[in-house]
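Next comes data-v9.pdb, a file with PDB, C-alpha atoms.
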```pdb
ATOM      1  CA  MET A 603      15.003 -29.592  42.534
ATOM      2  CA  SER A 604      12.238 -27.040  41.945
ATOM      3  CA  GLN A 605      12.232 -24.525  39.112
ATOM      4  CA  ASP A 606      12.481 -21.587  41.542
ATOM      5  CA  ARG A 607      15.536 -23.124  43.196
ATOM      6  CA  VAL A 608      17.242 -23.521  39.800
ATOM      7  CA  ASN A 609      16.530 -19.883  38.912
ATOM      8  CA  ASP A 610      17.977 -18.701  42.241
ATOM      9  CA  LEU A 611      21.169 -20.701  41.733
ATOM     10  CA  LEU A 612      21.592 -19.348  38.189
ATOM     11  CA  HIS A 613      21.066 -15.798  39.439
ATOM     12  CA  THR A 614      23.661 -16.289  42.188
ATOM     13  CA  LEU A 615      26.211 -17.789  39.800
ATOM     14  CA  ARG A 616      25.767 -14.934  37.310
ATOM     15  CA  GLY A 617      26.251 -12.408  40.110
ATOM     16  CA  GLU A 618      29.435 -14.091  41.347
ATOM     17  CA  GLN A 619      30.802 -14.290  37.796
ATOM     18  CA  PHE A 620      30.075 -10.593  37.223
ATOM     19  CA  ARG A 621      31.723  -9.535  40.496
ATOM     20  CA  HIS A 622      34.745 -11.717  39.737
ATOM     21  CA  ALA A 623      35.110 -10.063  36.315
ATOM     22  CA  GLN A 624      34.809  -6.618  37.898
ATOM     23  CA  ASN A 625      37.502  -7.491  40.440
ATOM     24  CA  LEU A 626      39.861  -8.645  37.710
ATOM     25  CA  ARG A 627      39.367  -5.323  35.889
ATOM     26  CA  ARG A 628      39.530  -3.473  39.213
ATOM     27  CA  SER A 629      36.331  -1.710  38.216
ATOM     28  CA  ARG A 630      33.833  -0.420  40.784
ATOM     29  CA  ALA A 631      31.006   0.093  38.224
ATOM     30  CA  HIS A 632      27.769  -1.793  38.647
ATOM     31  CA  VAL A 633      24.777  -2.495  36.458
ATOM     32  CA  SER A 634      21.472  -0.886  37.365
ATOM     33  CA  ALA A 635      18.482  -3.173  37.102
ATOM     34  CA  THR A 636      16.264  -0.232  36.115
ATOM     35  CA  ILE A 637      18.472   0.664  33.156
ATOM     36  CA  ALA A 638      18.629  -2.964  32.034
ATOM     37  CA  ARG A 639      14.836  -3.178  31.905
ATOM     38  CA  THR A 640      14.522  -0.075  29.773
ATOM     39  CA  LEU A 641      17.043  -1.111  27.136
ATOM     40  CA  PRO A 642      15.556  -1.920  23.689
ATOM     41  CA  SER A 643      14.752  -5.601  23.298
ATOM     42  CA  LEU A 644      15.206  -5.595  19.507
ATOM     43  CA  PRO A 645      18.423  -4.974  17.541
ATOM     44  CA  ILE A 646      18.701  -1.398  16.382
ATOM     45  CA  ASP A 647      19.396  -2.504  12.802
ATOM     46  CA  LEU A 648      16.554  -5.023  12.580
ATOM     47  CA  ASP A 649      14.579  -2.837  10.205
ATOM     48  CA  SER A 650      16.283  -2.282   6.862
ATOM     49  CA  TYR A 651      13.400  -0.405   5.229
ATOM     50  CA  SER A 652      13.654   3.331   4.794
ATOM     51  CA  TYR A 653      11.174   4.328   7.462
ATOM     52  CA  PHE A 654      12.891   7.671   7.704
ATOM     53  CA  PRO A 655      12.333   9.148   4.233
ATOM     54  CA  PRO A 656      14.421  12.165   3.309
ATOM     55  CA  PRO A 657      12.734  15.433   4.231
ATOM     56  CA  LYS A 658      10.922  17.162   1.420
ATOM     57  CA  PRO A 659      12.950  20.056   0.068
ATOM     58  CA  SER A 660      11.262  23.319   0.862
ATOM     59  CA  PRO A 661      11.146  25.877  -1.938
ATOM     60  CA  PRO A 662      13.104  29.072  -1.324
ATOM     61  CA  PRO A 663      10.961  31.762   0.307
ATOM     62  CA  SER A 664      10.307  34.928  -1.605
ATOM     63  CA  ALA A 665      12.781  37.636  -0.672
ATOM     64  CA  TYR A 666      10.143  40.314  -1.248
ATOM     65  CA  LYS A 667       7.210  38.716   0.545
ATOM     66  CA  ASN A 668       7.200  41.013   3.576
ATOM     67  CA  THR A 669       8.809  44.056   1.985
ATOM     68  CA  PRO A 670       6.718  47.213   2.568
ATOM     69  CA  GLY A 671       5.676  49.372  -0.348
ATOM     70  CA  PRO A 672       4.354  48.502  -3.812
ATOM     71  CA  LEU A 673       4.642  44.992  -5.169
ATOM     72  CA  PRO A 674       7.894  44.283  -7.048
ATOM     73  CA  PRO A 675       7.911  43.284 -10.720
ATOM     74  CA  LYS A 676       7.266  39.630 -11.442
ATOM     75  CA  SER A 677      10.816  39.227 -12.722
ATOM     76  CA  TRP A 678      12.100  40.160  -9.252
ATOM     77  CA  THR A 679       9.911  37.712  -7.370
ATOM     78  CA  LEU A 680      11.328  34.297  -6.606
ATOM     79  CA  THR A 681       8.878  31.674  -7.829
ATOM     80  CA  LYS A 682       8.238  28.410  -6.043
ATOM     81  CA  GLN A 683       9.440  25.383  -7.925
ATOM     82  CA  PRO A 684       7.261  22.246  -7.715
ATOM     83  CA  ILE A 685       8.773  19.465  -5.666
ATOM     84  CA  GLN A 686       9.524  16.475  -7.879
ATOM     85  CA  VAL A 687       9.575  13.032  -6.275
ATOM     86  CA  PRO A 688      11.459  10.375  -8.315
ATOM     87  CA  SER A 689       9.186   7.639  -9.574
ATOM     88  CA  ASN A 690       9.385   4.017  -8.403
ATOM     89  CA  THR A 691      10.807   4.994  -5.023
ATOM     90  CA  PRO A 692       9.209   4.374  -1.608
ATOM     91  CA  PRO A 693       8.111   8.031  -1.192
ATOM     92  CA  TRP A 694       6.592   8.045  -4.679
ATOM     93  CA  ARG A 695       4.763   4.752  -4.184
ATOM     94  CA  ALA A 696       3.423   5.887  -0.812
ATOM     95  CA  ARG A 697       2.150   9.100  -2.393
ATOM     96  CA  ALA A 698       0.609   7.230  -5.329
ATOM     97  CA  LEU A 699      -1.270   4.867  -3.006
ATOM     98  CA  SER A 700      -2.375   7.572  -0.575
ATOM     99  CA  LEU A 701      -5.661   8.333  -2.346
ATOM    100  CA  VAL A 702      -7.053   4.801  -2.373
ATOM    101  CA  VAL A 703      -5.077   3.327   0.559
ATOM    102  CA  PRO A 704      -4.208   5.913   3.224
ATOM    103  CA  LEU A 705      -0.873   4.746   4.651
ATOM    104  CA  GLN A 706       0.575   6.058   7.894
ATOM    105  CA  THR A 707       4.322   5.571   8.254
ATOM    106  CA  PRO A 708       5.238   5.892  11.934
ATOM    107  CA  LYS A 709       8.629   7.264  12.944
ATOM    108  CA  VAL A 710       9.221   4.034  14.847
ATOM    109  CA  PRO A 711       8.061   0.894  12.981
ATOM    110  CA  THR A 712       5.572  -1.273  14.815
ATOM    111  CA  LEU A 713       6.436  -4.740  16.055
ATOM    112  CA  ALA A 714       3.883  -6.235  13.642
ATOM    113  CA  SER A 715       5.525  -4.573  10.637
ATOM    114  CA  LEU A 716       8.971  -5.775  11.739
ATOM    115  CA  CYS A 717       7.721  -9.342  12.096
ATOM    116  CA  LEU A 718       5.980  -9.230   8.717
ATOM    117  CA  ARG A 719       9.166  -7.966   7.065
ATOM    118  CA  ILE A 720      11.189 -10.827   8.559
ATOM    119  CA  LEU A 721       8.629 -13.348   7.330
ATOM    120  CA  ALA A 722       8.565 -11.836   3.830
ATOM    121  CA  ALA A 723      12.352 -12.253   3.595
ATOM    122  CA  LEU A 724      12.070 -16.053   3.707
ATOM    123  CA  PRO A 725      12.580 -18.105   0.523
ATOM    124  CA  PRO A 726       9.449 -18.203  -1.676
ATOM    125  CA  GLN A 727       8.673 -21.892  -1.179
ATOM    126  CA  GLU A 728       9.121 -21.776   2.587
ATOM    127  CA  PHE A 729       7.130 -18.556   2.759
ATOM    128  CA  ALA A 730       4.229 -19.981   0.739
ATOM    129  CA  GLU A 731       4.073 -23.360   2.488
ATOM    130  CA  ASP A 732       4.949 -22.589   6.108
ATOM    131  CA  ILE A 733       3.934 -18.951   6.666
ATOM    132  CA  VAL A 734       1.062 -17.932   4.396
ATOM    133  CA  PRO A 735      -1.483 -20.547   5.621
ATOM    134  CA  TRP A 736      -1.183 -19.146   9.161
ATOM    135  CA  LEU A 737      -1.574 -15.476   8.269
ATOM    136  CA  ALA A 738      -4.986 -13.924   8.841
ATOM    137  CA  PRO A 739      -6.500 -12.011   5.894
ATOM    138  CA  HIS A 740      -5.896  -8.599   7.482
ATOM    139  CA  LEU A 741      -2.243  -9.477   8.136
ATOM    140  CA  ARG A 742      -1.837 -10.558   4.525
ATOM    141  CA  ARG A 743      -3.294  -7.225   3.425
ATOM    142  CA  ASP A 744      -0.968  -5.290   5.742
ATOM    143  CA  LEU A 745       2.064  -7.222   4.500
ATOM    144  CA  ILE A 746       1.181  -6.545   0.857
ATOM    145  CA  ARG A 747       0.635  -2.832   1.535
ATOM    146  CA  LEU A 748       3.870  -2.520   3.483
ATOM    147  CA  SER A 749       5.848  -4.309   0.797
ATOM    148  CA  ALA A 750       4.187  -2.334  -1.999
ATOM    149  CA  VAL A 751       5.748   0.848  -0.632
ATOM    150  CA  HIS A 752       9.169  -0.316   0.532
ATOM    151  CA  ALA A 753       9.974  -3.492  -1.446
ATOM    152  CA  PRO A 754       7.241  -4.822  -3.792
ATOM    153  CA  LEU A 755       6.780  -8.576  -3.572
ATOM    154  CA  PRO A 756       7.573 -10.739  -6.614
ATOM    155  CA  GLY A 757       4.920 -13.011  -8.057
ATOM    156  CA  PRO A 758       5.976 -16.247  -6.263
ATOM    157  CA  LYS A 759       5.455 -14.534  -2.901
ATOM    158  CA  LEU A 760       2.510 -12.306  -3.819
ATOM    159  CA  TRP A 761       0.038 -14.737  -5.346
ATOM    160  CA  PRO A 762      -0.006 -17.258  -2.433
ATOM    161  CA  LEU A 763      -1.140 -14.399  -0.193
ATOM    162  CA  TYR A 764      -4.333 -14.109  -2.253
ATOM    163  CA  ASP A 765      -5.267 -17.795  -1.990
ATOM    164  CA  PRO A 766      -7.851 -19.232  -1.716
ATOM    165  CA  ASP A 767     -10.301 -16.290  -1.991
ATOM    166  CA  GLY A 768      -8.414 -14.481  -4.742
ATOM    167  CA  HIS A 769      -7.822 -11.437  -2.533
ATOM    168  CA  ALA A 770      -6.480 -10.395   0.867
ATOM    169  CA  ASP A 771      -9.260  -8.971   3.037
ATOM    170  CA  THR A 772     -11.231  -7.828  -0.079
ATOM    171  CA  GLU A 773      -8.150  -6.158  -1.650
ATOM    172  CA  VAL A 774      -5.782  -6.951  -4.528
ATOM    173  CA  LEU A 775      -2.642  -4.834  -4.895
ATOM    174  CA  VAL A 776      -0.113  -5.554  -7.657
ATOM    175  CA  VAL A 777       3.057  -3.503  -8.172
ATOM    176  CA  GLY A 778       5.175  -4.014 -11.274
ATOM    177  CA  PRO A 779       7.542  -4.852 -12.724
ATOM    178  CA  HIS A 780       8.017  -7.412  -9.950
ATOM    179  CA  ALA A 781       4.550  -8.890 -10.517
ATOM    180  CA  THR A 782       1.942  -8.802 -13.273
ATOM    181  CA  LEU A 783      -1.757  -9.569 -13.104
ATOM    182  CA  ARG A 784      -2.533 -12.669 -15.151
ATOM    183  CA  ASP A 785      -5.058 -12.180 -17.932
ATOM    184  CA  ASP A 786      -7.387 -14.876 -16.567
ATOM    185  CA  TYR A 787      -6.800 -14.125 -12.892
ATOM    186  CA  PHE A 788     -10.365 -13.143 -11.981
ATOM    187  CA  ILE A 789     -11.870 -15.999 -13.992
ATOM    188  CA  ARG A 790      -9.733 -18.505 -12.107
ATOM    189  CA  SER A 791     -10.336 -16.777  -8.776
ATOM    190  CA  SER A 792     -14.095 -16.834  -9.176
ATOM    191  CA  GLY A 793     -14.008 -20.514 -10.130
ATOM    192  CA  SER A 794     -11.766 -21.391  -7.173
ATOM    193  CA  ALA A 795     -13.938 -19.411  -4.753
ATOM    194  CA  ALA A 796     -17.086 -21.107  -6.048
ATOM    195  CA  THR A 797     -15.511 -24.557  -5.623
ATOM    196  CA  THR A 798     -14.393 -23.733  -2.073
ATOM    197  CA  THR A 799     -17.827 -22.408  -1.155
ATOM    198  CA  ALA A 800     -19.549 -25.508  -2.529
ATOM    199  CA  SER A 801     -17.157 -27.795  -0.634
ATOM    200  CA  ASP A 802     -17.734 -25.927   2.622
ATOM    201  CA  SER A 803     -21.485 -26.041   2.196
ATOM    202  CA  ASP A 804     -21.394 -29.798   1.567
ATOM    203  CA  ASP A 805     -19.276 -30.436   4.661
ATOM    204  CA  ASP A 806     -21.114 -28.147   7.078
ATOM    205  CA  TRP A 807     -24.494 -27.501   5.514
ATOM    206  CA  ASP A 808     -26.061 -26.603   8.863
ATOM    207  CA  ALA A 809     -23.201 -24.460  10.195
ATOM    208  CA  ASP A 810     -23.828 -20.744  10.578
ATOM    209  CA  LYS A 811     -20.604 -19.398   9.003
ATOM    210  CA  PRO A 812     -20.319 -16.052   7.242
ATOM    211  CA  GLY A 813     -19.044 -16.347   3.677
ATOM    212  CA  ALA A 814     -15.918 -14.627   2.425
ATOM    213  CA  GLU A 815     -16.371 -10.987   1.514
ATOM    214  CA  PRO A 816     -16.118 -10.256  -2.229
ATOM    215  CA  LEU A 817     -13.318  -8.273  -3.812
ATOM    216  CA  SER A 818     -13.921  -4.536  -3.401
ATOM    217  CA  THR A 819     -10.529  -2.871  -4.028
ATOM    218  CA  LEU A 820      -8.181  -3.381  -6.972
ATOM    219  CA  ILE A 821      -4.900  -1.457  -7.294
ATOM    220  CA  LEU A 822      -2.502  -1.877 -10.211
ATOM    221  CA  MET A 823       0.697   0.187 -10.193
ATOM    222  CA  SER A 824       3.513   0.367 -12.761
ATOM    223  CA  THR A 825       2.240  -2.702 -14.572
ATOM    224  CA  ARG A 826      -0.248  -3.451 -17.344
ATOM    225  CA  LEU A 827      -3.932  -4.326 -17.605
ATOM    226  CA  ALA A 828      -4.967  -6.450 -20.562
ATOM    227  CA  THR A 829      -8.285  -5.721 -22.248
ATOM    228  CA  SER A 830      -9.402  -9.301 -21.653
ATOM    229  CA  THR A 831      -8.735  -8.857 -17.945
ATOM    230  CA  LEU A 832     -10.712  -5.606 -17.911
ATOM    231  CA  HIS A 833     -13.768  -7.457 -19.241
ATOM    232  CA  SER A 834     -13.522  -9.984 -16.386
ATOM    233  CA  LEU A 835     -13.246  -7.471 -13.526
ATOM    234  CA  PRO A 836     -15.708  -8.376 -10.752
ATOM    235  CA  PRO A 837     -18.770  -6.084 -10.559
ATOM    236  CA  THR A 838     -18.346  -5.847  -6.770
ATOM    237  CA  LEU A 839     -15.431  -3.393  -7.100
ATOM    238  CA  THR A 840     -15.980  -0.076  -5.351
ATOM    239  CA  ARG A 841     -12.398   1.250  -5.411
ATOM    240  CA  LEU A 842     -10.240   0.965  -8.527
ATOM    241  CA  ALA A 843      -6.763   2.449  -8.981
ATOM    242  CA  LEU A 844      -4.856   2.166 -12.264
ATOM    243  CA  LEU A 845      -1.608   3.983 -11.544
ATOM    244  CA  ASN A 846       1.260   4.553 -13.967
ATOM    245  CA  LEU A 847       0.135   1.835 -16.368
ATOM    246  CA  SER A 848       2.449   1.158 -19.279
ATOM    247  CA  MET A 849      -0.342   0.952 -21.879
ATOM    248  CA  PRO A 850      -3.651   2.836 -22.323
ATOM    249  CA  VAL A 851      -6.845   1.198 -21.112
ATOM    250  CA  PRO A 852     -10.265   1.378 -22.836
ATOM    251  CA  LEU A 853     -11.905   3.394 -20.071
ATOM    252  CA  HIS A 854     -15.296   3.439 -21.768
ATOM    253  CA  ARG A 855     -15.719  -0.241 -20.890
ATOM    254  CA  LEU A 856     -15.353   0.307 -17.140
ATOM    255  CA  PRO A 857     -18.881   1.651 -16.368
ATOM    256  CA  ASN A 858     -20.497  -1.549 -17.649
ATOM    257  CA  THR A 859     -17.930  -3.790 -15.943
ATOM    258  CA  CYS A 860     -17.696  -1.967 -12.582
ATOM    259  CA  PRO A 861     -20.909   0.050 -12.081
ATOM    260  CA  LEU A 862     -20.504   0.387  -8.279
ATOM    261  CA  LEU A 863     -17.275   2.399  -8.235
ATOM    262  CA  VAL A 864     -17.032   5.011  -5.495
ATOM    263  CA  LEU A 865     -13.374   5.897  -6.176
ATOM    264  CA  LEU A 866     -11.511   5.775  -9.487
ATOM    265  CA  ASP A 867      -7.824   6.733  -9.498
ATOM    266  CA  LEU A 868      -6.085   7.130 -12.862
ATOM    267  CA  SER A 869      -3.132   9.152 -11.628
ATOM    268  CA  TYR A 870       0.403   9.211 -13.059
ATOM    269  CA  ASN A 871      -0.574   7.743 -16.434
ATOM    270  CA  THR A 872       1.534   9.176 -19.231
ATOM    271  CA  TRP A 873      -1.289   8.623 -21.728
ATOM    272  CA  LEU A 874      -3.435  11.202 -19.875
ATOM    273  CA  THR A 875      -0.955  14.070 -19.607
ATOM    274  CA  THR A 876      -2.618  16.432 -22.122
ATOM    275  CA  GLU A 877      -6.197  17.619 -22.436
ATOM    276  CA  ASP A 878      -6.492  16.124 -25.924
ATOM    277  CA  GLU A 879      -5.429  12.710 -24.650
ATOM    278  CA  THR A 880      -7.852  12.939 -21.727
ATOM    279  CA  ASP A 881     -10.713  14.011 -24.008
ATOM    280  CA  ARG A 882     -10.114  11.029 -26.292
ATOM    281  CA  ALA A 883      -9.836   8.598 -23.367
ATOM    282  CA  PHE A 884     -13.055   9.832 -21.733
ATOM    283  CA  GLU A 885     -14.995  10.560 -24.910
ATOM    284  CA  ARG A 886     -17.100   7.373 -24.833
ATOM    285  CA  VAL A 887     -17.342   6.988 -21.049
ATOM    286  CA  ASP A 888     -20.933   6.784 -19.798
ATOM    287  CA  TRP A 889     -20.540   8.761 -16.566
ATOM    288  CA  ALA A 890     -24.240   8.378 -15.736
ATOM    289  CA  ARG A 891     -23.742   4.682 -14.947
ATOM    290  CA  TRP A 892     -21.388   5.630 -12.126
ATOM    291  CA  GLY A 893     -24.076   7.022  -9.860
ATOM    292  CA  ALA A 894     -22.068   6.223  -6.715
ATOM    293  CA  LEU A 895     -18.805   7.788  -7.924
ATOM    294  CA  ARG A 896     -17.454  10.328  -5.420
ATOM    295  CA  VAL A 897     -13.706  10.702  -6.134
ATOM    296  CA  LEU A 898     -11.783  10.785  -9.419
ATOM    297  CA  GLY A 899      -7.986  10.847  -9.147
ATOM    298  CA  LEU A 900      -6.015  12.441 -11.992
ATOM    299  CA  ARG A 901      -2.755  13.476 -10.330
ATOM    300  CA  GLU A 902      -0.143  14.627 -12.829
ATOM    301  CA  CYS A 903      -2.791  14.300 -15.531
ATOM    302  CA  ALA A 904      -4.780  16.854 -17.504
ATOM    303  CA  MET A 905      -8.524  17.431 -17.410
ATOM    304  CA  SER A 906     -10.474  19.750 -19.668
ATOM    305  CA  SER A 907     -13.594  21.649 -18.721
ATOM    306  CA  MET A 908     -15.560  19.555 -21.218
ATOM    307  CA  VAL A 909     -14.742  16.346 -19.355
ATOM    308  CA  ARG A 910     -15.654  17.950 -16.031
ATOM    309  CA  VAL A 911     -19.052  19.024 -17.401
ATOM    310  CA  ARG A 912     -19.845  15.532 -18.662
ATOM    311  CA  LEU A 913     -18.620  14.038 -15.385
ATOM    312  CA  ASN A 914     -21.011  16.068 -13.200
ATOM    313  CA  LYS A 915     -23.980  16.175 -15.567
ATOM    314  CA  GLY A 916     -27.175  15.124 -13.803
ATOM    315  CA  ARG A 917     -25.589  14.811 -10.330
ATOM    316  CA  TRP A 918     -26.747  16.432  -7.136
ATOM    317  CA  ASP A 919     -23.176  16.597  -5.817
ATOM    318  CA  ASP A 920     -20.122  17.126  -7.987
ATOM    319  CA  VAL A 921     -17.471  14.433  -8.100
ATOM    320  CA  GLU A 922     -14.260  15.424  -6.293
ATOM    321  CA  VAL A 923     -11.446  15.579  -8.827
ATOM    322  CA  VAL A 924      -7.965  15.228  -7.316
ATOM    323  CA  LEU A 925      -5.299  16.788  -9.562
ATOM    324  CA  GLN A 926      -2.509  17.387  -7.014
TER     325      GLN A 926
END
```

Go ahead and render the structure in this file as structure tokens.
Amino acid sequence: MSQDRVNDLLHTLRGEQFRHAQNLRRSRAHVSATIARTLPSLPIDLDSYSYFPPPKPSPPPSAYKNTPGPLPPKSWTLTKQPIQVPSNTPPWRARALSLVVPLQTPKVPTLASLCLRILAALPPQEFAEDIVPWLAPHLRRDLIRLSAVHAPLPGPKLWPLYDPDGHADTEVLVVGPHATLRDDYFIRSSGSAATTTASDSDDDWDADKPGAEPLSTLILMSTRLATSTLHSLPPTLTRLALLNLSMPVPLHRLPNTCPLLVLLDLSYNTWLTTEDETDRAFERVDWARWGALRVLGLRECAMSSMVRVRLNKGRWDDVEVVLQ
């Protein structure tokens, strides 16, 4: 019996069963084929992430804004209160990452994001052995970014996504306290990458294959950065974000370690909240070595005019400082 014949018989049997059920209920309703095709194919509760963040509270408008006549006293004018977003929440993490990694959260999650979320929910061993080897680098990067906002990945699931190159599509993103960057991570990564490259060249010495791109973006959020790790940062970094770190970092060592930085984000660090703290942190920084620097992020941090003068000294174009 052919496949088409089997499908026709199944269709006929389903129709007879439906009509028989309708007769038993004495119902004259029928199912429209057009409506059936337009029904959603995925369960409505498949996505458990908060893709619908609460609306931002709008400050109360001034009651005297459009009142004719002279301006009222300042004590009569309603002032706008700054909107505070709780830390370590999905809206806060999305805002913190927005400067270095622009994230667009659609009203309706994409099919790719839903699939990645389902895969990330697997047990760590199954996820690392059965899923990670089949994920392309850009999908690994997207999964890490998505999880960093909504549900940061723990170490057993995060680190396999960076193998064997030590990064996911030239990016490393670590969100604490669920994961912490190992002190010797970049030393081990460089050694592993060199071994892999040598093995590939021995196997296919005449093959025209492009090598893996080097690490260019490093983002650390709500975690720590050891001084020994700072000394081993790869010089290929062009985008570095140290957000809400628990301990201060010797910033004066960064120009020699990462001279190619285009973007440096130091936002939300409690050890940079006053001008005195910022002056001490930046006192020994050699800004001239960062000739390619274009953006400096200091959201919820202080910056004195002295630091701004040293930052832009000898430049044709001033560095954009993001304070909000």

Open item on the list: Quick check, in Å to one decimal: how far apart do CA of Leu783 in chain A and CA of His769 in chain A lie?
Closed with: 12.3 Å

- [ ] Skip Glu879 in chain A itself and residues of its chain fewer than 6 positions away, then list as a PyMOL selection string all residues within 12 Å of it, counting only C-alpha atoms.
- [x] chain A and resi 850+871-873+885+903-906+909

- [ ] Would you kindly return, as a ChimeraX atom specification, each protein, DNA or RNA residue with an atom no farther than 12 Å from any atom of Cys717 in chain A, considering all atoms listed in the file and excluding same-chain residues fewer than 4 positions away?
- [x] /A:644,648-649,711-713,721-724,733,737,741,744-745,748

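Going from CA of Thr859 in chain A to CA of Pro837 in chain A covers 5.9 Å.
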
For a cut-off of 9 Å around (-16.7, 12.7, -15.6), file coordinates, pick out all residues using all atoms listed in the file and list them as a PDB file with C-alpha atoms, in the coordinates of the input.
```pdb
ATOM      1  CA  PHE A 884     -13.055   9.832 -21.733  1.00  0.00           C
ATOM      2  CA  VAL A 887     -17.342   6.988 -21.049  1.00  0.00           C
ATOM      3  CA  ASP A 888     -20.933   6.784 -19.798  1.00  0.00           C
ATOM      4  CA  TRP A 889     -20.540   8.761 -16.566  1.00  0.00           C
ATOM      5  CA  ALA A 890     -24.240   8.378 -15.736  1.00  0.00           C
ATOM      6  CA  LEU A 898     -11.783  10.785  -9.419  1.00  0.00           C
ATOM      7  CA  MET A 908     -15.560  19.555 -21.218  1.00  0.00           C
ATOM      8  CA  VAL A 909     -14.742  16.346 -19.355  1.00  0.00           C
ATOM      9  CA  ARG A 910     -15.654  17.950 -16.031  1.00  0.00           C
ATOM     10  CA  VAL A 911     -19.052  19.024 -17.401  1.00  0.00           C
ATOM     11  CA  ARG A 912     -19.845  15.532 -18.662  1.00  0.00           C
ATOM     12  CA  LEU A 913     -18.620  14.038 -15.385  1.00  0.00           C
ATOM     13  CA  ASN A 914     -21.011  16.068 -13.200  1.00  0.00           C
ATOM     14  CA  LYS A 915     -23.980  16.175 -15.567  1.00  0.00           C
ATOM     15  CA  VAL A 921     -17.471  14.433  -8.100  1.00  0.00           C
TER      16      VAL A 921
END
```

For range 905-916 of chain A, what centre and edge lengths in Å (one decimal) does the axis-aligned box get once 5 Å is added on each side of all its listed atoms, as JSON?
```
{"center_x": -17.8, "center_y": 17.8, "center_z": -17.2, "size_x": 28.7, "size_y": 17.6, "size_z": 18.0}
```

Open item on the list: I need the output of the PyMOL selection byres ((chain A and resi 725-731) around 10) for this file as a PyMOL selection string; which residues are they?
Closed with: chain A and resi 721-724+732-736+756-763

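Closest approach to Gln926 in chain A among A:Leu673, A:Ala781, A:Leu701, A:Leu822: A:Leu701, based on all atoms listed in the file.
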
TODO: Please provide the set of residues having any atom within 6 Å of range 772-778 of chain A, restricted to only C-alpha atoms, with same-chain residues fewer than 3 positions apart removed, written as a ChimeraX atom specification.
DONE: /A:769,781,816-825

- [ ] Name the residues that the PyMOL selection byres ((chain A and resi 891) around 9) pulls out of this structure, and write them as a list in words.
- [x]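 Selection result, ordered by chain and number: Pro857, Asn858, Pro861, Leu862, Asp888, Trp889, Ala890, Trp892, Gly893 and Ala894 of chain A.
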
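Between CA of Arg841 in chain A and CA of Ala770 in chain A there is a distance of 14.5 Å.
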
Task: Selection under test: the PyMOL selection byres ((chain A and resi 867) around 6); residues as a list of chain:residue names - done: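 When the PyMOL selection byres ((chain A and resi 867) around 6) is applied, the selected residues are A:Ala843, A:Leu866, A:Leu868, A:Ser869, A:Leu898, A:Gly899.
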
Task: Best match for closeness to Ser715 in chain A among A:Ala883, A:Leu699, A:Ala738, A:Arg747, counting all atoms listed in the file - done: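 The shortest atom-to-atom distance to Ser715 in chain A comes from A:Arg747.
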
Task: Which residue of A:Arg826, A:His613, A:Arg743, A:Arg886 approaches Arg855 in chain A most closely, using all atoms listed in the file - done: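 Closest to Arg855 in chain A, using all atoms listed in the file: A:Arg886.
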
- [ ] With a distance cut-off of 12 Å and only C-alpha atoms, select the neighbouring residues of Ala828 in chain A, excluding the residue or stretch itself and same-chain residues fewer than 4 positions from it, and output the selection as a PyMOL selection string.
- [x] chain A and resi 782-787+822+832-835+844+847-852

Open item on the list: So, with all atoms listed in the file as the atoms that count, which of A:Leu865, A:Trp694, A:Asn625, A:Thr876 lies closest to Val923 in chain A?
Closed with: A:Leu865

Task: Pick from A:Ile720, A:Val751, A:Val924, A:Leu895, whichever lies nearest to Gln706 in chain A using all atoms listed in the file - done: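 Looking at the shortest contact to Gln706 in chain A, the residue is A:Val751.
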
Generate the coordinates of N, CA and C atoms for range 916-925 of chain A; report them as a short mmCIF file (atom, residue, chain, number, x, y, z; two decimals), in the coordinates of the input.
```cif
data_model
loop_
_atom_site.label_atom_id
_atom_site.label_comp_id
_atom_site.auth_asym_id
_atom_site.auth_seq_id
_atom_site.Cartn_x
_atom_site.Cartn_y
_atom_site.Cartn_z
N GLY A 916 -26.09 15.88 -14.42
CA GLY A 916 -27.18 15.12 -13.80
C GLY A 916 -26.92 14.69 -12.38
N ARG A 917 -25.90 15.20 -11.71
CA ARG A 917 -25.59 14.81 -10.33
C ARG A 917 -26.03 15.90 -9.36
N TRP A 918 -26.45 15.48 -8.20
CA TRP A 918 -26.75 16.43 -7.14
C TRP A 918 -25.46 17.02 -6.57
N ASP A 919 -24.46 16.16 -6.37
CA ASP A 919 -23.18 16.60 -5.82
C ASP A 919 -22.09 16.32 -6.84
N ASP A 920 -21.21 17.30 -7.04
CA ASP A 920 -20.12 17.13 -7.99
C ASP A 920 -19.12 16.09 -7.48
N VAL A 921 -18.52 15.39 -8.42
CA VAL A 921 -17.47 14.43 -8.10
C VAL A 921 -16.19 15.20 -7.76
N GLU A 922 -15.53 14.79 -6.68
CA GLU A 922 -14.26 15.42 -6.29
C GLU A 922 -13.16 14.94 -7.22
N VAL A 923 -12.54 15.89 -7.91
CA VAL A 923 -11.45 15.58 -8.83
C VAL A 923 -10.14 15.97 -8.16
N VAL A 924 -9.24 15.02 -7.97
CA VAL A 924 -7.96 15.23 -7.32
C VAL A 924 -6.89 15.34 -8.40
N LEU A 925 -6.33 16.54 -8.55
CA LEU A 925 -5.30 16.79 -9.56
C LEU A 925 -3.92 16.99 -8.97
#
```
